[in-house]
Amino acid sequence: MFGSLYIIATPIGNLEDITLRALRLLGEVAVIACEDTRQTVKLLNKYGIRKELISYYQPREGRKIPWLLDILKKGKDVALVSDSGTPTISDPGFRLVREALKEGIKVIPVPGPTAFAAALSAAGLPTHRFKFAGFPPPKREAARKWLVSMKEEEGTLIIYLPARKVAAFLSDAAEVLGERQVVIARELTKVYEEFIRGNIGEVGAAIASRVLKGEITLLIRGKMK
């Protein structure tokens with residue numbers, strides 16, 4: 001009988017944001033595949049968990065898939081975690097899940113934190129419909145075209161951005177989408193958690209003289225009917 005592949009969500013900042021089920025399974029599996037072993041070991045150390053870790057990150061994840069599948073086929077369980085939040089959501093893991101399913105291996109989600117859901121819940125923008133867009137293309141011109149493709153979307157847009165690119169991205173968003181309500185959610189669940197709310201021009205002005213750091217989730221109100 002094959003083992004199971006557990007897709008385990010881990011905290012996005014505050015290490016207390018983890019389920020009892022996740023902690024139990026992290027202690028029971030044979031091996032934990034993680035995006036960065038240095039990040040995962042912080043969580044495991046807090047809860048006294050000692051487990052074999054394997055680094056599983058882009059673009060080298062393909063090299064680890066055969067090894068992990070072999071463990072699973074021997075009847076041992078494997079956990080997949082990312083640095084923070086839910087694996088495969090703008091993080092490595094899709095290829096491993098796909099190959100495991102092809103082999104008839106059971107894939108089991110263990111739900112928990114994800115940055116976009118936390119940001120949306122407290123942003124104050126409409127939540128009945130939204131589009132999780134993930135990371136925009138890295139080059140600015142491509143990112144502008146990417147914005148154009150979402151101009152008619154009526155749901156709240158949710159975007160992940162490196163902090164250093166937020167100001168330029170907001171400037172482009174104002175040109176492409178027009179003046180809309182936006183929310184910057186920064187360092188969610190961490191010591192310096194912050195929400196910056198307003199229209200694009202107001203938020204752009206608020207951050208113009210600042211050097212933003214940390215993880216940014218940007219929310220933009222969808223097109224009004």
# chains A, B, ... in the order shown; residues from 1 in each chain; ligands from 1
$ residues_around --residues "Val191 of chain A" --least-positions-apart "6" --cutoff "12 Å" --atoms "only C-alpha atoms" --output "number ranges by chain"
A: 13-15, 214
$ write_last_selection --atoms "C-alpha atoms" --output "PDB file, in the first residue's frame"
ATOM      1  CA  GLY A  13       4.178  34.796  10.124  1.00  0.00           C
ATOM      2  CA  ASN A  14       2.948  34.103  13.640  1.00  0.00           C
ATOM      3  CA  LEU A  15       4.068  30.574  14.488  1.00  0.00           C
ATOM      4  CA  GLY A 214       8.363  42.486   3.901  1.00  0.00           C
TER       5      GLY A 214
END
$ closest_atom_pairs --of "segment 90-166 of chain A" --to "segment 16-37 of chain A" --cutoff "8 Å" --atoms "only C-alpha atoms" --output "CSV"
residue,atom,partner,partner_atom,distance
A:Pro92,CA,A:Glu35,CA,7.2
A:Val110,CA,A:Ala22,CA,6.6
A:Gly112,CA,A:Ile18,CA,6.7
A:Pro113,CA,A:Asp17,CA,7.2
$ write_last_selection --atoms "N, CA and C atoms" --output "PDB file, in the first residue's frame"
ATOM      1  N   PRO A  92       6.097  26.251  -4.829  1.00  0.00           N
ATOM      2  CA  PRO A  92       6.317  24.942  -5.452  1.00  0.00           C
ATOM      3  C   PRO A  92       5.332  23.900  -4.936  1.00  0.00           C
ATOM      4  N   VAL A 110      -4.217  19.586   4.120  1.00  0.00           N
ATOM      5  CA  VAL A 110      -4.366  19.915   5.544  1.00  0.00           C
ATOM      6  C   VAL A 110      -4.466  21.434   5.608  1.00  0.00           C
ATOM      7  N   GLY A 112      -5.094  25.509   6.271  1.00  0.00           N
ATOM      8  CA  GLY A 112      -4.598  26.454   7.263  1.00  0.00           C
ATOM      9  C   GLY A 112      -4.390  27.808   6.622  1.00  0.00           C
ATOM     10  N   PRO A 113      -3.408  28.576   7.086  1.00  0.00           N
ATOM     11  CA  PRO A 113      -3.249  29.950   6.630  1.00  0.00           C
ATOM     12  C   PRO A 113      -2.869  30.076   5.155  1.00  0.00           C
TER      13      PRO A 113
END
$ atom_distance --atom1 "atom CA of Pro87 of chain A" --atom2 "atom CA of Gly222 of chain A"
26.5 Å
$ atom_distance --atom1 "atom CA of Gly198 of chain A" --atom2 "atom CA of Lys145 of chain A"
24.0 Å
$ select_by_dssp --residues "segment 28-218 of chain A" --states "strand (DSSP E)" --output "PyMOL selection string"
chain A and resi 31-34+52-55+78-81+106-110+130-134+156-162+181-186+194-199+215-218
$ write_last_selection --atoms "N, CA and C atoms" --output "tab-separated table (two decimals), in the first residue's frame"
chain	number	residue	atom	x	y	z
A	31	VAL	N	9.08	11.96	6.11
A	31	VAL	CA	9.95	13.03	5.65
A	31	VAL	C	9.10	14.26	5.33
A	32	ILE	N	9.70	15.43	5.47
A	32	ILE	CA	9.02	16.68	5.14
A	32	ILE	C	9.76	17.34	3.99
A	33	ALA	N	9.06	17.55	2.89
A	33	ALA	CA	9.62	18.28	1.75
A	33	ALA	C	9.28	19.75	1.94
A	34	CYS	N	10.29	20.62	1.99
A	34	CYS	CA	10.04	22.02	2.31
A	34	CYS	C	10.78	22.94	1.33
A	52	GLU	N	13.25	14.30	9.33
A	52	GLU	CA	14.12	14.46	8.16
A	52	GLU	C	13.49	15.47	7.21
A	53	LEU	N	14.30	16.44	6.76
A	53	LEU	CA	13.83	17.48	5.85
A	53	LEU	C	14.54	17.34	4.51
A	54	ILE	N	13.79	17.60	3.45
A	54	ILE	CA	14.39	17.63	2.12
A	54	ILE	C	14.02	18.96	1.48
A	55	SER	N	15.00	19.61	0.91
A	55	SER	CA	14.76	20.89	0.25
A	55	SER	C	14.05	20.66	-1.08
A	78	VAL	N	4.55	11.36	3.32
A	78	VAL	CA	5.38	12.54	3.08
A	78	VAL	C	4.53	13.78	3.28
A	79	ALA	N	5.11	14.80	3.91
A	79	ALA	CA	4.44	16.10	4.05
A	79	ALA	C	5.13	17.10	3.12
A	80	LEU	N	4.33	17.91	2.47
A	80	LEU	CA	4.86	19.02	1.66
A	80	LEU	C	4.46	20.32	2.33
A	81	VAL	N	5.44	21.18	2.60
A	81	VAL	CA	5.17	22.50	3.17
A	81	VAL	C	5.93	23.55	2.36
A	106	LYS	N	-2.45	8.83	-2.82
A	106	LYS	CA	-3.46	9.69	-2.22
A	106	LYS	C	-2.84	11.02	-1.80
A	107	VAL	N	-3.46	12.12	-2.22
A	107	VAL	CA	-3.00	13.46	-1.87
A	107	VAL	C	-4.04	14.08	-0.94
A	108	ILE	N	-3.61	14.48	0.25
A	108	ILE	CA	-4.53	14.94	1.30
A	108	ILE	C	-4.20	16.37	1.71
A	109	PRO	N	-5.13	17.32	1.54
A	109	PRO	CA	-4.87	18.69	1.98
A	109	PRO	C	-5.09	18.83	3.48
A	110	VAL	N	-4.22	19.59	4.12
A	110	VAL	CA	-4.37	19.91	5.54
A	110	VAL	C	-4.47	21.43	5.61
A	130	PHE	N	-13.90	37.42	-6.07
A	130	PHE	CA	-12.53	37.92	-6.15
A	130	PHE	C	-11.72	37.09	-7.13
A	131	LYS	N	-10.63	37.66	-7.57
A	131	LYS	CA	-9.72	36.95	-8.48
A	131	LYS	C	-8.33	36.96	-7.86
A	132	PHE	N	-7.84	35.77	-7.51
A	132	PHE	CA	-6.47	35.66	-7.01
A	132	PHE	C	-5.55	35.58	-8.22
A	133	ALA	N	-4.77	36.63	-8.43
A	133	ALA	CA	-3.93	36.73	-9.62
A	133	ALA	C	-2.48	36.34	-9.36
A	134	GLY	N	-2.09	36.19	-8.10
A	134	GLY	CA	-0.71	35.81	-7.80
A	134	GLY	C	0.29	36.89	-8.16
A	156	THR	N	-12.80	41.61	-6.67
A	156	THR	CA	-11.60	42.19	-6.07
A	156	THR	C	-10.36	41.45	-6.57
A	157	LEU	N	-9.38	42.20	-7.05
A	157	LEU	CA	-8.13	41.61	-7.53
A	157	LEU	C	-7.17	41.45	-6.36
A	158	ILE	N	-6.55	40.28	-6.26
A	158	ILE	CA	-5.59	40.01	-5.20
A	158	ILE	C	-4.26	39.65	-5.84
A	159	ILE	N	-3.23	40.42	-5.49
A	159	ILE	CA	-1.93	40.33	-6.17
A	159	ILE	C	-0.82	40.25	-5.13
A	160	TYR	N	0.15	39.38	-5.37
A	160	TYR	CA	1.36	39.32	-4.55
A	160	TYR	C	2.46	40.14	-5.24
A	161	LEU	N	3.18	40.92	-4.44
A	161	LEU	CA	4.23	41.78	-5.00
A	161	LEU	C	5.44	41.85	-4.07
A	162	PRO	N	6.65	41.91	-4.64
A	162	PRO	CA	7.81	42.29	-3.83
A	162	PRO	C	7.62	43.74	-3.38
A	181	GLN	N	-10.30	51.88	-5.40
A	181	GLN	CA	-9.90	51.61	-4.03
A	181	GLN	C	-8.86	50.48	-4.02
A	182	VAL	N	-7.84	50.65	-3.19
A	182	VAL	CA	-6.83	49.62	-3.05
A	182	VAL	C	-6.48	49.45	-1.57
A	183	VAL	N	-5.92	48.30	-1.26
A	183	VAL	CA	-5.44	48.02	0.09
A	183	VAL	C	-4.09	47.32	-0.02
A	184	ILE	N	-3.11	47.84	0.71
A	184	ILE	CA	-1.83	47.14	0.86
A	184	ILE	C	-1.87	46.43	2.20
A	185	ALA	N	-1.69	45.11	2.17
A	185	ALA	CA	-1.60	44.31	3.40
A	185	ALA	C	-0.15	43.85	3.52
A	186	ARG	N	0.51	44.32	4.56
A	186	ARG	CA	1.96	44.09	4.69
A	186	ARG	C	2.28	43.34	5.97
A	194	GLU	N	0.49	45.64	8.86
A	194	GLU	CA	-0.03	46.96	8.51
A	194	GLU	C	-0.98	46.86	7.33
A	195	PHE	N	-2.06	47.63	7.39
A	195	PHE	CA	-2.98	47.78	6.27
A	195	PHE	C	-2.98	49.25	5.87
A	196	ILE	N	-2.79	49.52	4.59
A	196	ILE	CA	-2.85	50.88	4.06
A	196	ILE	C	-4.00	50.91	3.07
A	197	ARG	N	-5.01	51.73	3.36
A	197	ARG	CA	-6.24	51.73	2.57
A	197	ARG	C	-6.49	53.10	1.95
A	198	GLY	N	-7.15	53.12	0.79
A	198	GLY	CA	-7.51	54.37	0.13
A	198	GLY	C	-7.64	54.13	-1.36
A	199	ASN	N	-7.80	55.21	-2.13
A	199	ASN	CA	-7.76	55.02	-3.57
A	199	ASN	C	-6.30	54.94	-4.02
A	215	GLU	N	6.59	41.12	3.09
A	215	GLU	CA	5.70	40.51	2.10
A	215	GLU	C	4.47	41.39	1.90
A	216	ILE	N	4.11	41.63	0.64
A	216	ILE	CA	3.00	42.51	0.31
A	216	ILE	C	1.90	41.74	-0.41
A	217	THR	N	0.68	41.90	0.08
A	217	THR	CA	-0.51	41.46	-0.66
A	217	THR	C	-1.26	42.72	-1.04
A	218	LEU	N	-1.47	42.94	-2.32
A	218	LEU	CA	-2.16	44.12	-2.82
A	218	LEU	C	-3.55	43.73	-3.30
$ select_by_dssp --residues "segment 12-187 of chain A" --states "helix (DSSP H, G or I)" --output "VMD selection string"
chain A and resid 20 to 28 37 to 46 61 to 73 94 to 102 115 to 123 140 to 148 163 to 177
$ atom_distance --atom1 "atom CA of Gly75 of chain A" --atom2 "atom CA of Met1 of chain A"
5.6 Å
$ residues_around --residues "Ala174 of chain A" --least-positions-apart "2" --cutoff "12 Å" --atoms "only C-alpha atoms" --output "PDB file with N, CA and C atoms, in the first residue's frame"
ATOM      1  N   ARG A 144       2.168  45.569 -17.198  1.00  0.00           N
ATOM      2  CA  ARG A 144       1.122  46.484 -17.662  1.00  0.00           C
ATOM      3  C   ARG A 144       0.113  45.748 -18.548  1.00  0.00           C
ATOM      4  N   LEU A 147      -2.106  43.719 -16.434  1.00  0.00           N
ATOM      5  CA  LEU A 147      -3.161  44.529 -15.830  1.00  0.00           C
ATOM      6  C   LEU A 147      -4.299  44.793 -16.817  1.00  0.00           C
ATOM      7  N   VAL A 148      -3.937  45.071 -18.061  1.00  0.00           N
ATOM      8  CA  VAL A 148      -4.953  45.319 -19.095  1.00  0.00           C
ATOM      9  C   VAL A 148      -5.890  44.117 -19.203  1.00  0.00           C
ATOM     10  N   LYS A 151      -8.702  44.304 -16.646  1.00  0.00           N
ATOM     11  CA  LYS A 151      -9.397  45.588 -16.517  1.00  0.00           C
ATOM     12  C   LYS A 151     -10.895  45.425 -16.335  1.00  0.00           C
ATOM     13  N   ALA A 167       5.278  50.660  -5.494  1.00  0.00           N
ATOM     14  CA  ALA A 167       5.046  52.041  -5.945  1.00  0.00           C
ATOM     15  C   ALA A 167       4.884  52.110  -7.460  1.00  0.00           C
ATOM     16  N   ALA A 168       5.791  51.478  -8.197  1.00  0.00           N
ATOM     17  CA  ALA A 168       5.718  51.497  -9.659  1.00  0.00           C
ATOM     18  C   ALA A 168       4.474  50.770 -10.145  1.00  0.00           C
ATOM     19  N   PHE A 169       4.126  49.677  -9.478  1.00  0.00           N
ATOM     20  CA  PHE A 169       2.950  48.919  -9.888  1.00  0.00           C
ATOM     21  C   PHE A 169       1.670  49.726  -9.688  1.00  0.00           C
ATOM     22  N   LEU A 170       1.580  50.457  -8.579  1.00  0.00           N
ATOM     23  CA  LEU A 170       0.408  51.292  -8.331  1.00  0.00           C
ATOM     24  C   LEU A 170       0.294  52.392  -9.382  1.00  0.00           C
ATOM     25  N   SER A 171       1.416  52.949  -9.777  1.00  0.00           N
ATOM     26  CA  SER A 171       1.409  53.983 -10.814  1.00  0.00           C
ATOM     27  C   SER A 171       0.848  53.425 -12.119  1.00  0.00           C
ATOM     28  N   ASP A 172       1.297  52.234 -12.484  1.00  0.00           N
ATOM     29  CA  ASP A 172       0.792  51.597 -13.705  1.00  0.00           C
ATOM     30  C   ASP A 172      -0.679  51.219 -13.557  1.00  0.00           C
ATOM     31  N   VAL A 176      -3.795  52.156 -16.067  1.00  0.00           N
ATOM     32  CA  VAL A 176      -4.498  51.087 -16.778  1.00  0.00           C
ATOM     33  C   VAL A 176      -5.936  50.908 -16.274  1.00  0.00           C
ATOM     34  N   LEU A 177      -6.111  50.904 -14.956  1.00  0.00           N
ATOM     35  CA  LEU A 177      -7.404  50.579 -14.361  1.00  0.00           C
ATOM     36  C   LEU A 177      -8.225  51.801 -13.982  1.00  0.00           C
ATOM     37  N   GLY A 178      -7.577  52.947 -13.864  1.00  0.00           N
ATOM     38  CA  GLY A 178      -8.270  54.131 -13.379  1.00  0.00           C
ATOM     39  C   GLY A 178      -8.212  54.198 -11.862  1.00  0.00           C
ATOM     40  N   GLU A 179      -8.801  55.235 -11.306  1.00  0.00           N
ATOM     41  CA  GLU A 179      -8.744  55.442  -9.856  1.00  0.00           C
ATOM     42  C   GLU A 179      -9.705  54.487  -9.147  1.00  0.00           C
ATOM     43  N   ARG A 180      -9.146  53.566  -8.398  1.00  0.00           N
ATOM     44  CA  ARG A 180      -9.928  52.574  -7.666  1.00  0.00           C
ATOM     45  C   ARG A 180      -9.461  52.477  -6.220  1.00  0.00           C
ATOM     46  N   GLN A 181     -10.298  51.879  -5.396  1.00  0.00           N
ATOM     47  CA  GLN A 181      -9.896  51.606  -4.028  1.00  0.00           C
ATOM     48  C   GLN A 181      -8.856  50.477  -4.017  1.00  0.00           C
ATOM     49  N   VAL A 182      -7.843  50.651  -3.187  1.00  0.00           N
ATOM     50  CA  VAL A 182      -6.827  49.617  -3.045  1.00  0.00           C
ATOM     51  C   VAL A 182      -6.478  49.445  -1.565  1.00  0.00           C
ATOM     52  N   ASN A 199      -7.796  55.212  -2.132  1.00  0.00           N
ATOM     53  CA  ASN A 199      -7.758  55.021  -3.571  1.00  0.00           C
ATOM     54  C   ASN A 199      -6.301  54.938  -4.024  1.00  0.00           C
ATOM     55  N   ILE A 200      -6.096  54.608  -5.281  1.00  0.00           N
ATOM     56  CA  ILE A 200      -4.726  54.362  -5.746  1.00  0.00           C
ATOM     57  C   ILE A 200      -3.835  55.586  -5.531  1.00  0.00           C
ATOM     58  N   GLY A 201      -4.354  56.755  -5.841  1.00  0.00           N
ATOM     59  CA  GLY A 201      -3.559  57.974  -5.671  1.00  0.00           C
ATOM     60  C   GLY A 201      -3.186  58.223  -4.216  1.00  0.00           C
ATOM     61  N   GLU A 202      -4.143  58.026  -3.305  1.00  0.00           N
ATOM     62  CA  GLU A 202      -3.890  58.249  -1.878  1.00  0.00           C
ATOM     63  C   GLU A 202      -2.861  57.270  -1.334  1.00  0.00           C
ATOM     64  N   VAL A 203      -3.012  56.012  -1.690  1.00  0.00           N
ATOM     65  CA  VAL A 203      -2.077  55.001  -1.189  1.00  0.00           C
ATOM     66  C   VAL A 203      -0.692  55.206  -1.794  1.00  0.00           C
ATOM     67  N   GLY A 204      -0.657  55.558  -3.089  1.00  0.00           N
ATOM     68  CA  GLY A 204       0.633  55.848  -3.717  1.00  0.00           C
ATOM     69  C   GLY A 204       1.351  56.985  -3.023  1.00  0.00           C
ATOM     70  N   ILE A 220      -7.104  45.227  -5.080  1.00  0.00           N
ATOM     71  CA  ILE A 220      -7.642  46.322  -5.894  1.00  0.00           C
ATOM     72  C   ILE A 220      -9.122  46.038  -6.160  1.00  0.00           C
ATOM     73  N   ARG A 221      -9.960  47.008  -5.897  1.00  0.00           N
ATOM     74  CA  ARG A 221     -11.390  46.807  -6.135  1.00  0.00           C
ATOM     75  C   ARG A 221     -11.643  46.539  -7.623  1.00  0.00           C
TER      76      ARG A 221
END
$ closest_residue --among "A:Arg164, A:Lys46, A:Lys102, A:Lys225" --to "Ile207 of chain A" --atoms "only C-alpha atoms"
A:Arg164
$ residues_around --residues "segment 61-72 of chain A" --least-positions-apart "4" --cutoff "8 Å" --atoms "only C-alpha atoms" --output "PyMOL selection string"
chain A and resi 2-5+56-57+76-78+92+95-96+99-100+105
$ closest_residue --among "A:Glu187, A:Asp91, A:Glu141, A:Glu175" --to "Ala163 of chain A" --atoms "only C-alpha atoms"
A:Glu187
$ closest_residue --among "A:Pro137, A:Gly93, A:Gly124, A:Gly48" --to "Ile7 of chain A" --atoms "only C-alpha atoms"
A:Gly93
